[in-house]
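Enquirer: As input, take entry_37.tsv (TSV, C-alpha atoms):
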```
chain	number	residue	atom	x	y	z
A	1	MET	CA	5.71	25.02	15.69
A	2	TRP	CA	2.52	23.47	16.85
A	3	GLU	CA	1.30	25.18	20.02
A	4	LYS	CA	-0.16	22.94	22.71
A	5	MET	CA	-3.48	24.77	22.38
A	6	LYS	CA	-3.65	23.60	18.75
A	7	THR	CA	-3.37	20.06	20.00
A	8	TRP	CA	-6.21	20.64	22.46
A	9	VAL	CA	-8.32	21.84	19.54
A	10	THR	CA	-7.51	18.64	17.66
A	11	VAL	CA	-8.46	16.58	20.69
A	12	GLY	CA	-11.58	18.62	21.23
A	13	VAL	CA	-12.94	17.95	17.79
A	14	LEU	CA	-11.55	14.45	17.69
A	15	VAL	CA	-13.05	11.75	15.62
A	16	LEU	CA	-15.78	13.26	13.48
A	17	GLY	CA	-15.39	16.59	15.24
A	18	LEU	CA	-18.25	15.30	17.31
A	19	VAL	CA	-17.32	16.10	20.88
A	20	ALA	CA	-16.06	19.52	21.90
A	21	ILE	CA	-14.16	20.41	25.04
A	22	GLY	CA	-16.29	22.96	26.82
A	23	PHE	CA	-13.50	25.02	28.26
A	24	LEU	CA	-12.08	25.97	24.87
A	25	ALA	CA	-13.05	29.51	23.99
A	26	VAL	CA	-13.35	28.70	20.30
A	27	ASP	CA	-16.81	29.49	19.01
A	28	LYS	CA	-16.75	27.10	16.07
A	29	TYR	CA	-16.47	24.11	18.39
A	30	TRP	CA	-19.62	24.74	20.44
A	31	LEU	CA	-22.38	22.17	20.01
A	32	LYS	CA	-26.12	22.45	19.56
A	33	PRO	CA	-27.67	22.46	23.07
A	34	THR	CA	-30.01	19.55	22.35
A	35	PRO	CA	-30.05	15.97	23.72
A	36	ASN	CA	-30.50	14.30	20.33
A	37	PRO	CA	-27.70	12.89	18.14
A	38	ASP	CA	-27.46	16.17	16.23
A	39	ALA	CA	-25.85	17.60	19.37
A	40	TYR	CA	-22.72	15.71	18.37
A	41	VAL	CA	-22.41	17.58	15.10
A	42	ILE	CA	-20.57	20.87	15.28
A	43	THR	CA	-22.42	23.94	14.08
A	44	PRO	CA	-22.32	25.92	12.01
A	45	GLY	CA	-21.22	23.40	9.42
A	46	PRO	CA	-20.94	23.42	5.65
A	47	VAL	CA	-24.12	22.79	3.74
A	48	VAL	CA	-23.50	19.92	1.35
A	49	ASN	CA	-25.98	18.92	-1.30
A	50	ALA	CA	-26.39	15.15	-1.58
A	51	LYS	CA	-24.98	14.75	-5.07
A	52	ALA	CA	-23.14	11.45	-4.52
A	53	GLU	CA	-24.93	8.19	-3.78
A	54	ILE	CA	-23.68	4.60	-3.85
A	55	VAL	CA	-26.04	1.83	-5.01
A	56	ILE	CA	-24.42	-1.64	-4.92
A	57	GLU	CA	-26.05	-4.59	-6.66
A	58	GLY	CA	-24.90	-8.21	-6.67
A	59	PRO	CA	-25.56	-11.66	-5.21
A	60	ALA	CA	-25.94	-12.12	-1.47
A	61	GLU	CA	-24.30	-15.55	-1.49
A	62	ILE	CA	-22.07	-17.66	-3.74
A	63	LYS	CA	-20.25	-20.98	-3.43
A	64	ILE	CA	-16.51	-21.50	-3.47
A	65	GLY	CA	-15.32	-21.30	-7.05
A	66	GLN	CA	-18.28	-19.28	-8.29
A	67	LEU	CA	-17.87	-15.78	-9.66
A	68	ALA	CA	-19.77	-12.90	-8.08
A	69	ARG	CA	-20.53	-9.95	-10.33
A	70	LEU	CA	-21.19	-6.62	-8.61
A	71	THR	CA	-22.14	-3.28	-10.09
A	72	VAL	CA	-22.58	0.31	-8.93
A	73	GLU	CA	-23.93	1.52	-12.27
A	74	LYS	CA	-27.04	2.99	-10.63
A	75	SER	CA	-24.91	5.16	-8.35
A	76	ALA	CA	-24.66	8.93	-8.60
A	77	GLY	CA	-20.89	9.31	-8.78
A	78	LYS	CA	-18.04	10.12	-11.11
A	79	THR	CA	-15.17	8.31	-9.41
A	80	PHE	CA	-15.30	5.08	-7.41
A	81	LYS	CA	-12.93	3.29	-5.03
A	82	TRP	CA	-13.29	-0.31	-3.78
A	83	GLN	CA	-11.84	-1.96	-0.68
A	84	MET	CA	-12.53	-5.29	0.98
A	85	LEU	CA	-12.57	-6.74	4.49
A	86	PRO	CA	-10.86	-9.05	4.98
A	87	ALA	CA	-8.30	-8.11	2.35
A	88	VAL	CA	-8.03	-10.54	-0.59
A	89	ALA	CA	-5.43	-11.25	-3.24
A	90	ALA	CA	-5.55	-9.05	-6.34
A	91	GLU	CA	-6.60	-11.96	-8.53
A	92	ASN	CA	-9.70	-12.55	-6.40
A	93	LEU	CA	-11.13	-9.06	-6.92
A	94	GLN	CA	-11.01	-7.24	-10.23
A	95	VAL	CA	-12.58	-3.80	-10.67
A	96	TYR	CA	-13.18	-2.43	-14.16
A	97	ASP	CA	-15.32	-0.03	-16.22
A	98	ASP	CA	-13.89	2.96	-14.30
A	99	GLY	CA	-14.85	1.37	-10.98
A	100	ARG	CA	-18.47	0.74	-11.90
A	101	ARG	CA	-18.19	-3.06	-12.05
A	102	ALA	CA	-16.30	-5.73	-10.14
A	103	VAL	CA	-15.95	-9.50	-10.15
A	104	PHE	CA	-14.95	-11.54	-7.10
A	105	SER	CA	-14.20	-15.16	-6.27
A	106	SER	CA	-12.82	-16.85	-3.17
A	107	PRO	CA	-11.17	-20.20	-2.43
A	108	THR	CA	-12.38	-20.03	1.18
A	109	THR	CA	-15.69	-19.66	2.94
A	110	GLY	CA	-16.69	-16.65	5.01
A	111	ASP	CA	-18.36	-13.26	4.94
A	112	TYR	CA	-16.67	-10.66	2.77
A	113	VAL	CA	-17.46	-6.95	3.09
A	114	PHE	CA	-17.11	-4.70	0.05
A	115	ILE	CA	-16.59	-1.02	0.91
A	116	VAL	CA	-17.29	1.31	-2.01
A	117	ALA	CA	-16.80	5.08	-1.98
A	118	CYS	CA	-17.71	7.56	-4.70
A	119	SER	CA	-17.34	11.27	-5.28
A	120	ASN	CA	-19.37	13.66	-7.36
A	121	GLU	CA	-18.70	17.40	-7.63
A	122	GLY	CA	-17.09	17.59	-4.21
A	123	ASP	CA	-19.67	15.41	-2.47
A	124	VAL	CA	-18.87	11.87	-1.27
A	125	ASP	CA	-20.75	8.74	-0.26
A	126	LEU	CA	-19.68	5.38	1.14
A	127	LYS	CA	-21.59	2.11	1.41
A	128	THR	CA	-20.85	-1.49	2.37
A	129	TYR	CA	-22.07	-4.75	0.87
A	130	THR	CA	-21.71	-8.18	2.46
A	131	LEU	CA	-21.29	-11.33	0.39
A	132	LYS	CA	-21.32	-14.81	1.95
A	133	VAL	CA	-19.16	-17.54	0.42
A	134	THR	CA	-20.28	-21.06	1.33
A	135	ASN	CA	-18.71	-24.47	0.86
A	136	GLY	CA	-19.81	-26.09	-2.38
A	137	GLY	CA	-17.91	-29.32	-1.92
A	138	GLY	CA	-14.40	-28.00	-2.53
A	139	GLY	CA	-11.89	-25.49	-1.29
A	140	VAL	CA	-10.96	-24.70	2.28
A	141	VAL	CA	-13.61	-24.37	4.96
A	142	ILE	CA	-12.87	-21.61	7.44
A	143	PRO	CA	-13.80	-22.57	11.03
A	144	PRO	CA	-16.12	-20.31	13.03
A	145	ASP	CA	-14.62	-16.98	13.95
A	146	ASN	CA	-12.52	-16.88	17.07
A	147	PRO	CA	-12.06	-13.63	18.95
A	148	PRO	CA	-9.21	-11.79	17.22
A	149	ASN	CA	-5.98	-11.37	19.09
A	150	PRO	CA	-5.99	-7.62	19.70
A	151	ALA	CA	-2.79	-5.65	19.44
A	152	THR	CA	-1.21	-4.18	22.51
A	153	GLY	CA	-0.94	-0.51	23.40
A	154	LEU	CA	-3.39	2.01	22.00
A	155	ALA	CA	-4.56	-0.39	19.27
A	156	GLY	CA	-5.52	-2.85	21.99
A	157	LYS	CA	-7.45	-0.18	23.88
A	158	VAL	CA	-9.30	0.82	20.71
A	159	TYR	CA	-10.20	-2.83	20.10
A	160	GLU	CA	-11.64	-3.18	23.62
A	161	TRP	CA	-13.61	0.05	23.39
A	162	ALA	CA	-14.97	-0.64	19.92
A	163	LYS	CA	-16.10	-4.22	20.54
A	164	SER	CA	-18.66	-2.96	23.07
A	165	VAL	CA	-20.37	-0.66	20.53
A	166	GLN	CA	-24.02	-1.66	20.28
A	167	SER	CA	-24.53	-1.73	16.53
A	168	PRO	CA	-25.80	-4.53	14.27
A	169	ASN	CA	-23.23	-3.46	11.65
A	170	LEU	CA	-20.28	-3.24	14.04
A	171	LYS	CA	-17.71	-4.99	11.85
A	172	ALA	CA	-18.52	-3.03	8.71
A	173	GLU	CA	-18.60	0.29	10.57
A	174	ALA	CA	-15.29	-0.47	12.30
A	175	GLY	CA	-13.79	-1.23	8.90
A	176	GLN	CA	-15.02	2.06	7.50
A	177	LEU	CA	-13.58	3.98	10.45
A	178	ALA	CA	-10.26	2.18	10.02
A	179	ILE	CA	-10.12	3.25	6.39
A	180	SER	CA	-10.85	6.82	7.40
A	181	PHE	CA	-8.09	6.95	10.04
A	182	ASP	CA	-5.57	5.29	7.71
A	183	SER	CA	-6.45	7.79	4.98
A	184	ILE	CA	-5.93	10.77	7.29
A	185	ALA	CA	-2.62	9.33	8.53
A	186	LYS	CA	-1.37	8.99	4.97
A	187	LYS	CA	-2.31	12.58	4.16
A	188	ILE	CA	-0.37	13.73	7.22
A	189	GLU	CA	2.64	11.63	6.21
A	190	ASP	CA	2.47	13.01	2.65
A	191	GLY	CA	2.49	16.58	3.93
A	192	GLN	CA	-1.07	17.35	2.80
A	193	LEU	CA	-2.21	18.05	6.38
A	194	THR	CA	0.25	20.11	8.38
A	195	THR	CA	-1.77	21.82	11.11
A	196	ALA	CA	-3.98	20.65	13.95
A	197	ASP	CA	-6.98	22.40	12.43
A	198	GLN	CA	-6.49	20.65	9.10
A	199	ILE	CA	-6.20	17.23	10.76
A	200	ALA	CA	-9.29	17.87	12.88
A	201	GLU	CA	-11.39	18.96	9.90
A	202	ALA	CA	-10.27	16.09	7.68
A	203	THR	CA	-10.92	13.56	10.45
A	204	LYS	CA	-14.35	15.02	11.15
A	205	LEU	CA	-15.46	14.86	7.53
A	206	GLY	CA	-13.98	11.45	6.82
A	207	ASN	CA	-15.38	9.70	9.85
A	208	ARG	CA	-18.80	11.31	9.72
A	209	ALA	CA	-19.06	9.91	6.20
A	210	ALA	CA	-17.93	6.49	7.47
A	211	LEU	CA	-20.47	6.27	10.32
A	212	GLY	CA	-23.46	8.06	8.86
A	213	ASN	CA	-26.63	7.23	10.78
A	214	SER	CA	-24.73	4.94	13.16
A	215	LEU	CA	-23.14	7.91	14.90
A	216	GLN	CA	-25.14	7.62	18.11
A	217	ALA	CA	-24.11	4.00	18.70
A	218	TRP	CA	-20.44	4.99	18.53
A	219	ILE	CA	-20.59	7.95	20.93
A	220	PRO	CA	-19.33	5.96	23.99
A	221	PHE	CA	-16.34	4.78	21.94
A	222	LEU	CA	-15.59	8.31	20.73
A	223	GLU	CA	-15.71	9.67	24.26
A	224	LYS	CA	-13.17	7.09	25.47
A	225	LEU	CA	-10.92	7.85	22.52
A	226	GLN	CA	-11.15	11.57	23.22
A	227	LYS	CA	-10.11	11.00	26.83
A	228	GLU	CA	-7.08	9.03	25.65
A	229	MET	CA	-6.10	11.78	23.21
A	230	ARG	CA	-6.38	14.37	25.95
A	231	ALA	CA	-4.06	12.35	28.18
A	232	GLN	CA	-1.49	11.94	25.42
A	233	ALA	CA	-1.65	15.65	24.60
A	234	GLU	CA	-1.00	16.52	28.25
A	235	ALA	CA	2.01	14.19	28.22
A	236	GLY	CA	3.39	15.89	25.09
A	237	LEU	CA	2.85	12.78	22.98
A	238	LEU	CA	0.30	14.30	20.62
A	239	VAL	CA	1.79	17.58	19.42
A	240	THR	CA	3.55	17.18	16.06
A	241	PRO	CA	2.06	16.00	12.77
A	242	ALA	CA	4.19	12.84	12.95
A	243	GLN	CA	2.77	12.01	16.38
A	244	HIS	CA	-0.76	12.46	15.05
A	245	ALA	CA	-0.05	10.18	12.09
A	246	THR	CA	1.33	7.47	14.39
A	247	MET	CA	-1.69	7.64	16.69
A	248	TRP	CA	-4.15	7.61	13.78
A	249	ARG	CA	-2.44	4.44	12.46
A	250	GLN	CA	-2.76	2.79	15.88
A	251	ILE	CA	-6.46	3.66	16.02
A	252	ALA	CA	-6.96	2.14	12.57
A	253	GLU	CA	-5.14	-1.03	13.63
A	254	GLY	CA	-7.46	-1.55	16.60
A	255	LEU	CA	-10.53	-0.97	14.44
A	256	LYS	CA	-9.28	-3.47	11.84
A	257	ASN	CA	-9.13	-6.14	14.56
A	258	ILE	CA	-12.85	-5.57	15.14
A	259	ALA	CA	-13.60	-5.69	11.41
A	260	LYS	CA	-11.88	-9.07	10.87
```
The structure given in the file should be rewritten as C-alpha cells.
Expert:
Amino acid sequence: MWEKMKTWVTVGVLVLGLVAIGFLAVDKYWLKPTPNPDAYVITPGPVVNAKAEIVIEGPAEIKIGQLARLTVEKSAGKTFKWQMLPAVAAENLQVYDDGRRAVFSSPTTGDYVFIVACSNEGDVDLKTYTLKVTNGGGGVVIPPDNPPNPATGLAGKVYEWAKSVQSPNLKAEAGQLAISFDSIAKKIEDGQLTTADQIAEATKLGNRAALGNSLQAWIPFLEKLQKEMRAQAEAGLLVTPAQHATMWRQIAEGLKNIAK
C-alpha cells in the first residue's frame, strides 16, 4: 500500500524534483540555501558526465512540396528518438540510418518542431529544431494561429498556468515537458514505476532534461502545479500509481495545447 506520506514526498519533489516541501523531515529533499536557479535543484544529486549531445542540422525553411533533409550525424549518441509537434502522418516524416537522418515534407504551411533525444552510456540529451514551411503556390495555406481551445479540468488549469511562462521558446519547451509526463505515465501504466519515490525520481530526471537552462522561467508554473498536487493528495486523489498516471496524462494534455 502506498502510505499518504509517500504521496507527500512525490508532491514535494514534483516536476523535476525542483521544489521541496520544507516540513518533510527527509534530508534528500532539502535545497541549496541560495537565491539562484541552482536552489531549485535537489542536492546531493548524481554526478553525470556529459557524454550525450544532440547536434541537429537541416534547412530553416522549405516550401510546400519540398523535401527537408535533417541529420544528427555530428551528435554524441548511440540511440536516437524523433518526435514532432504538431504530429504529422508517417509518410511525411521518415527516419533512417539508425535515427541519424530524417526526411520531412508537408502539404500545409506552418512551423514544425522536431524533438530529438539521444542516449549514450546512460547519459541523455534532448534538443529541438524548428522548420518553417511556406506556401510555394500550391497546397493548403494554414491561417494564423488562433488560441487553442484548452481542455477542461486539470489539463485546462495546466494550459492557463503554462501560457504565462515568460520564455521565448515556450511552445517547444511545453512540448518537451508533455513528452516527459507522457513517458512517465506510460512507465507507471506498464508497471515499471510502482512507488512514489520511483515516480518522483523519474519525473525529476525526465523534466530537468526537457527544460535544461529554461528552468528558471518555468518556476512559477511548477509552483502552481505543486500546489494542485498537494490539494489532490490531501483529498486522497493522488495516492495510487494509477492515480499518478492519470494526473501525469492530464498534465501532458494541457502542455500539448500550449505546444500546438
Enquirer: Quick check, in Å to one decimal: how far apart do atom CA of Ala102 of chain A and atom CA of Cys118 of chain A lie?
Expert: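 Computed distance, atom CA of Ala102 of chain A to atom CA of Cys118 of chain A, equals 14.4 Å.
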Enquirer: One decimal, in Å: what's the spacing between atom CA of Gln216 of chain A and atom CA of Leu131 of chain A?
Expert: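 The value is 26.2 Å.
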Enquirer: Pick out the closest residue to Lys157 of chain A from this set: A:Asp97, A:Glu57, A:Glu253, A:Asp190. Count all atoms listed in the file.
Expert: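 Residue with the minimum atom-to-atom distance to Lys157 of chain A: A:Glu253.
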Enquirer: Do a neighbour search on Val165 of chain A at 9 Å with only C-alpha atoms, toss out local chain neighbours closer than 3 positions, and write the hits as a VMD selection string.
Expert: chain A and resid 161 to 162 170 217 to 221
Enquirer: Find the residue from A:Ala178, A:Glu173, A:Arg208, A:Glu160 that sits nearest to Lys224 of chain A; use all atoms listed in the file when measuring.
Expert: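 Nearest to Lys224 of chain A: A:Glu160.
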Enquirer: Can you pull out the residues contacting Lys78 of chain A? Cut-off 9 Å, using all atoms listed in the file, and skip same-chain residues under 2 positions away; I want them as a list of chain:residue names.
Expert: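 Listing them by chain and then by number gives A:Ala52, A:Ser75, A:Ala76, A:Phe80, A:Asp98, A:Cys118, A:Ser119, A:Asn120, A:Glu121.
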Enquirer: Using the selection just defined, write its residues with C-alpha atoms as a PDB file, in the coordinates of the input.
Expert:
```pdb
ATOM      1  CA  ALA A  52     -23.140  11.450  -4.520  1.00  0.00           C
ATOM      2  CA  SER A  75     -24.910   5.160  -8.350  1.00  0.00           C
ATOM      3  CA  ALA A  76     -24.660   8.930  -8.600  1.00  0.00           C
ATOM      4  CA  PHE A  80     -15.300   5.080  -7.410  1.00  0.00           C
ATOM      5  CA  ASP A  98     -13.890   2.960 -14.300  1.00  0.00           C
ATOM      6  CA  CYS A 118     -17.710   7.560  -4.700  1.00  0.00           C
ATOM      7  CA  SER A 119     -17.340  11.270  -5.280  1.00  0.00           C
ATOM      8  CA  ASN A 120     -19.370  13.660  -7.360  1.00  0.00           C
ATOM      9  CA  GLU A 121     -18.700  17.400  -7.630  1.00  0.00           C
TER      10      GLU A 121
END
```
Enquirer: Set the distance at 8 Å and use all atoms listed in the file: which residues neighbour Leu126 of chain A once local chain neighbours fewer than 3 positions away are removed? I'd like the list as an mmCIF file with C-alpha atoms, keeping the file's coordinate frame.
Expert:
```cif
data_model
loop_
_atom_site.group_PDB
_atom_site.id
_atom_site.type_symbol
_atom_site.label_atom_id
_atom_site.label_comp_id
_atom_site.auth_asym_id
_atom_site.auth_seq_id
_atom_site.Cartn_x
_atom_site.Cartn_y
_atom_site.Cartn_z
ATOM 1 C CA GLU A 53 -24.930 8.190 -3.780
ATOM 2 C CA ILE A 54 -23.680 4.600 -3.850
ATOM 3 C CA ILE A 115 -16.590 -1.020 0.910
ATOM 4 C CA VAL A 116 -17.290 1.310 -2.010
ATOM 5 C CA ALA A 117 -16.800 5.080 -1.980
ATOM 6 C CA CYS A 118 -17.710 7.560 -4.700
ATOM 7 C CA ALA A 209 -19.060 9.910 6.200
ATOM 8 C CA ALA A 210 -17.930 6.490 7.470
#
```
Enquirer: Pick the closest to Asp123 of chain A from A:Lys256, A:Lys51, A:Arg249, A:Lys74: which is it, counting all atoms listed in the file?
Expert: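 Checking each of A:Lys256, A:Lys51, A:Arg249, A:Lys74 against Asp123 of chain A, counting all atoms listed in the file, the winner is A:Lys51.
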Enquirer: Between atom CA of Leu215 of chain A and atom CA of Ala174 of chain A, measure the distance and give it in Å to one decimal.
Expert: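 Between these atoms lies a distance of 11.8 Å.
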Enquirer: Restricting the calculation to only C-alpha atoms: of A:Met229, A:Leu193, A:Met84, A:Val133, which residue gets closest to Gln66 of chain A?
Expert: A:Val133
Enquirer: Using all atoms listed in the file, pick whichever of A:Gly58, A:Leu85, A:Leu205, A:Asp111 has the shortest atom-to-atom distance to Ser180 of chain A.
Expert: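 Counting all atoms listed in the file, the residue closest to Ser180 of chain A is A:Leu205.
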Enquirer: Let me have the centre and edge lengths in Å, one decimal, of the box along x, y and z around every listed atom of segment 229-242 of chain A with 8 Å of margin on each side, as JSON.
Expert:
```
{"center_x": -1.1, "center_y": 14.7, "center_z": 20.5, "size_x": 26.6, "size_y": 21.8, "size_z": 31.5}
```
Enquirer: How about completing segment 50-61 of chain A with all heavy atoms and giving it to me as an mmCIF file, keeping the file's coordinate frame?
Expert:
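Output (rebuild_1.cif):
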```cif
data_model
loop_
_atom_site.group_PDB
_atom_site.id
_atom_site.type_symbol
_atom_site.label_atom_id
_atom_site.label_comp_id
_atom_site.auth_asym_id
_atom_site.auth_seq_id
_atom_site.Cartn_x
_atom_site.Cartn_y
_atom_site.Cartn_z
ATOM 1 N N ALA A 50 -26.618 16.582 -1.407
ATOM 2 C CA ALA A 50 -26.390 15.150 -1.580
ATOM 3 C C ALA A 50 -26.328 14.819 -3.070
ATOM 4 O O ALA A 50 -27.319 14.444 -3.682
ATOM 5 C CB ALA A 50 -27.493 14.351 -0.890
ATOM 6 N N LYS A 51 -25.140 14.982 -3.647
ATOM 7 C CA LYS A 51 -24.980 14.750 -5.070
ATOM 8 C C LYS A 51 -24.352 13.380 -5.362
ATOM 9 O O LYS A 51 -24.371 12.934 -6.488
ATOM 10 C CB LYS A 51 -24.105 15.842 -5.688
ATOM 11 C CG LYS A 51 -24.714 17.240 -5.576
ATOM 12 C CD LYS A 51 -23.773 18.277 -6.163
ATOM 13 C CE LYS A 51 -24.368 19.679 -6.052
ATOM 14 N NZ LYS A 51 -23.433 20.708 -6.575
ATOM 15 N N ALA A 52 -23.768 12.764 -4.337
ATOM 16 C CA ALA A 52 -23.140 11.450 -4.520
ATOM 17 C C ALA A 52 -23.953 10.399 -3.778
ATOM 18 O O ALA A 52 -24.381 10.625 -2.649
ATOM 19 C CB ALA A 52 -21.703 11.465 -4.002
ATOM 20 N N GLU A 53 -24.170 9.276 -4.424
ATOM 21 C CA GLU A 53 -24.930 8.190 -3.780
ATOM 22 C C GLU A 53 -24.487 6.844 -4.346
ATOM 23 O O GLU A 53 -24.454 6.648 -5.558
ATOM 24 C CB GLU A 53 -26.430 8.359 -3.995
ATOM 25 C CG GLU A 53 -27.250 7.274 -3.300
ATOM 26 C CD GLU A 53 -28.743 7.437 -3.527
ATOM 27 O OE1 GLU A 53 -29.134 8.329 -4.309
ATOM 28 O OE2 GLU A 53 -29.511 6.664 -2.938
ATOM 29 N N ILE A 54 -24.112 5.938 -3.449
ATOM 30 C CA ILE A 54 -23.680 4.600 -3.850
ATOM 31 C C ILE A 54 -24.872 3.645 -3.833
ATOM 32 O O ILE A 54 -25.615 3.587 -2.855
ATOM 33 C CB ILE A 54 -22.601 4.060 -2.908
ATOM 34 C CG1 ILE A 54 -21.293 4.819 -3.090
ATOM 35 C CG2 ILE A 54 -22.357 2.570 -3.138
ATOM 36 C CD1 ILE A 54 -20.578 4.512 -4.372
ATOM 37 N N VAL A 55 -25.048 2.901 -4.917
ATOM 38 C CA VAL A 55 -26.040 1.830 -5.010
ATOM 39 C C VAL A 55 -25.289 0.581 -5.478
ATOM 40 O O VAL A 55 -24.798 0.539 -6.611
ATOM 41 C CB VAL A 55 -27.178 2.162 -5.986
ATOM 42 C CG1 VAL A 55 -28.162 0.996 -6.060
ATOM 43 C CG2 VAL A 55 -27.889 3.445 -5.562
ATOM 44 N N ILE A 56 -25.167 -0.427 -4.593
ATOM 45 C CA ILE A 56 -24.420 -1.640 -4.920
ATOM 46 C C ILE A 56 -25.388 -2.779 -5.191
ATOM 47 O O ILE A 56 -26.287 -3.041 -4.388
ATOM 48 C CB ILE A 56 -23.478 -2.041 -3.764
ATOM 49 C CG1 ILE A 56 -22.613 -0.853 -3.331
ATOM 50 C CG2 ILE A 56 -22.595 -3.225 -4.176
ATOM 51 C CD1 ILE A 56 -21.769 -1.130 -2.100
ATOM 52 N N GLU A 57 -25.208 -3.459 -6.300
ATOM 53 C CA GLU A 57 -26.050 -4.590 -6.660
ATOM 54 C C GLU A 57 -25.176 -5.817 -6.930
ATOM 55 O O GLU A 57 -24.118 -5.716 -7.554
ATOM 56 C CB GLU A 57 -26.898 -4.281 -7.886
ATOM 57 C CG GLU A 57 -27.916 -3.169 -7.657
ATOM 58 C CD GLU A 57 -28.790 -2.907 -8.876
ATOM 59 O OE1 GLU A 57 -28.282 -3.083 -10.001
ATOM 60 O OE2 GLU A 57 -29.955 -2.549 -8.688
ATOM 61 N N GLY A 58 -25.640 -6.974 -6.460
ATOM 62 C CA GLY A 58 -24.900 -8.210 -6.670
ATOM 63 C C GLY A 58 -25.533 -9.328 -5.864
ATOM 64 O O GLY A 58 -26.515 -9.122 -5.148
ATOM 65 N N PRO A 59 -24.999 -10.533 -5.955
ATOM 66 C CA PRO A 59 -25.560 -11.660 -5.210
ATOM 67 C C PRO A 59 -25.281 -11.540 -3.721
ATOM 68 O O PRO A 59 -24.284 -10.924 -3.313
ATOM 69 C CB PRO A 59 -24.838 -12.867 -5.813
ATOM 70 C CG PRO A 59 -23.528 -12.313 -6.277
ATOM 71 C CD PRO A 59 -23.833 -10.916 -6.763
ATOM 72 N N ALA A 60 -26.147 -12.124 -2.913
ATOM 73 C CA ALA A 60 -25.940 -12.120 -1.470
ATOM 74 C C ALA A 60 -25.078 -13.298 -1.034
ATOM 75 O O ALA A 60 -24.464 -13.269 0.031
ATOM 76 C CB ALA A 60 -27.278 -12.166 -0.729
ATOM 77 N N GLU A 61 -25.039 -14.346 -1.878
ATOM 78 C CA GLU A 61 -24.300 -15.550 -1.490
ATOM 79 C C GLU A 61 -23.823 -16.286 -2.738
ATOM 80 O O GLU A 61 -24.526 -16.348 -3.751
ATOM 81 C CB GLU A 61 -25.216 -16.466 -0.672
ATOM 82 C CG GLU A 61 -24.570 -17.747 -0.181
ATOM 83 C CD GLU A 61 -25.525 -18.552 0.679
ATOM 84 O OE1 GLU A 61 -26.109 -17.973 1.631
ATOM 85 O OE2 GLU A 61 -25.691 -19.769 0.408
#
```
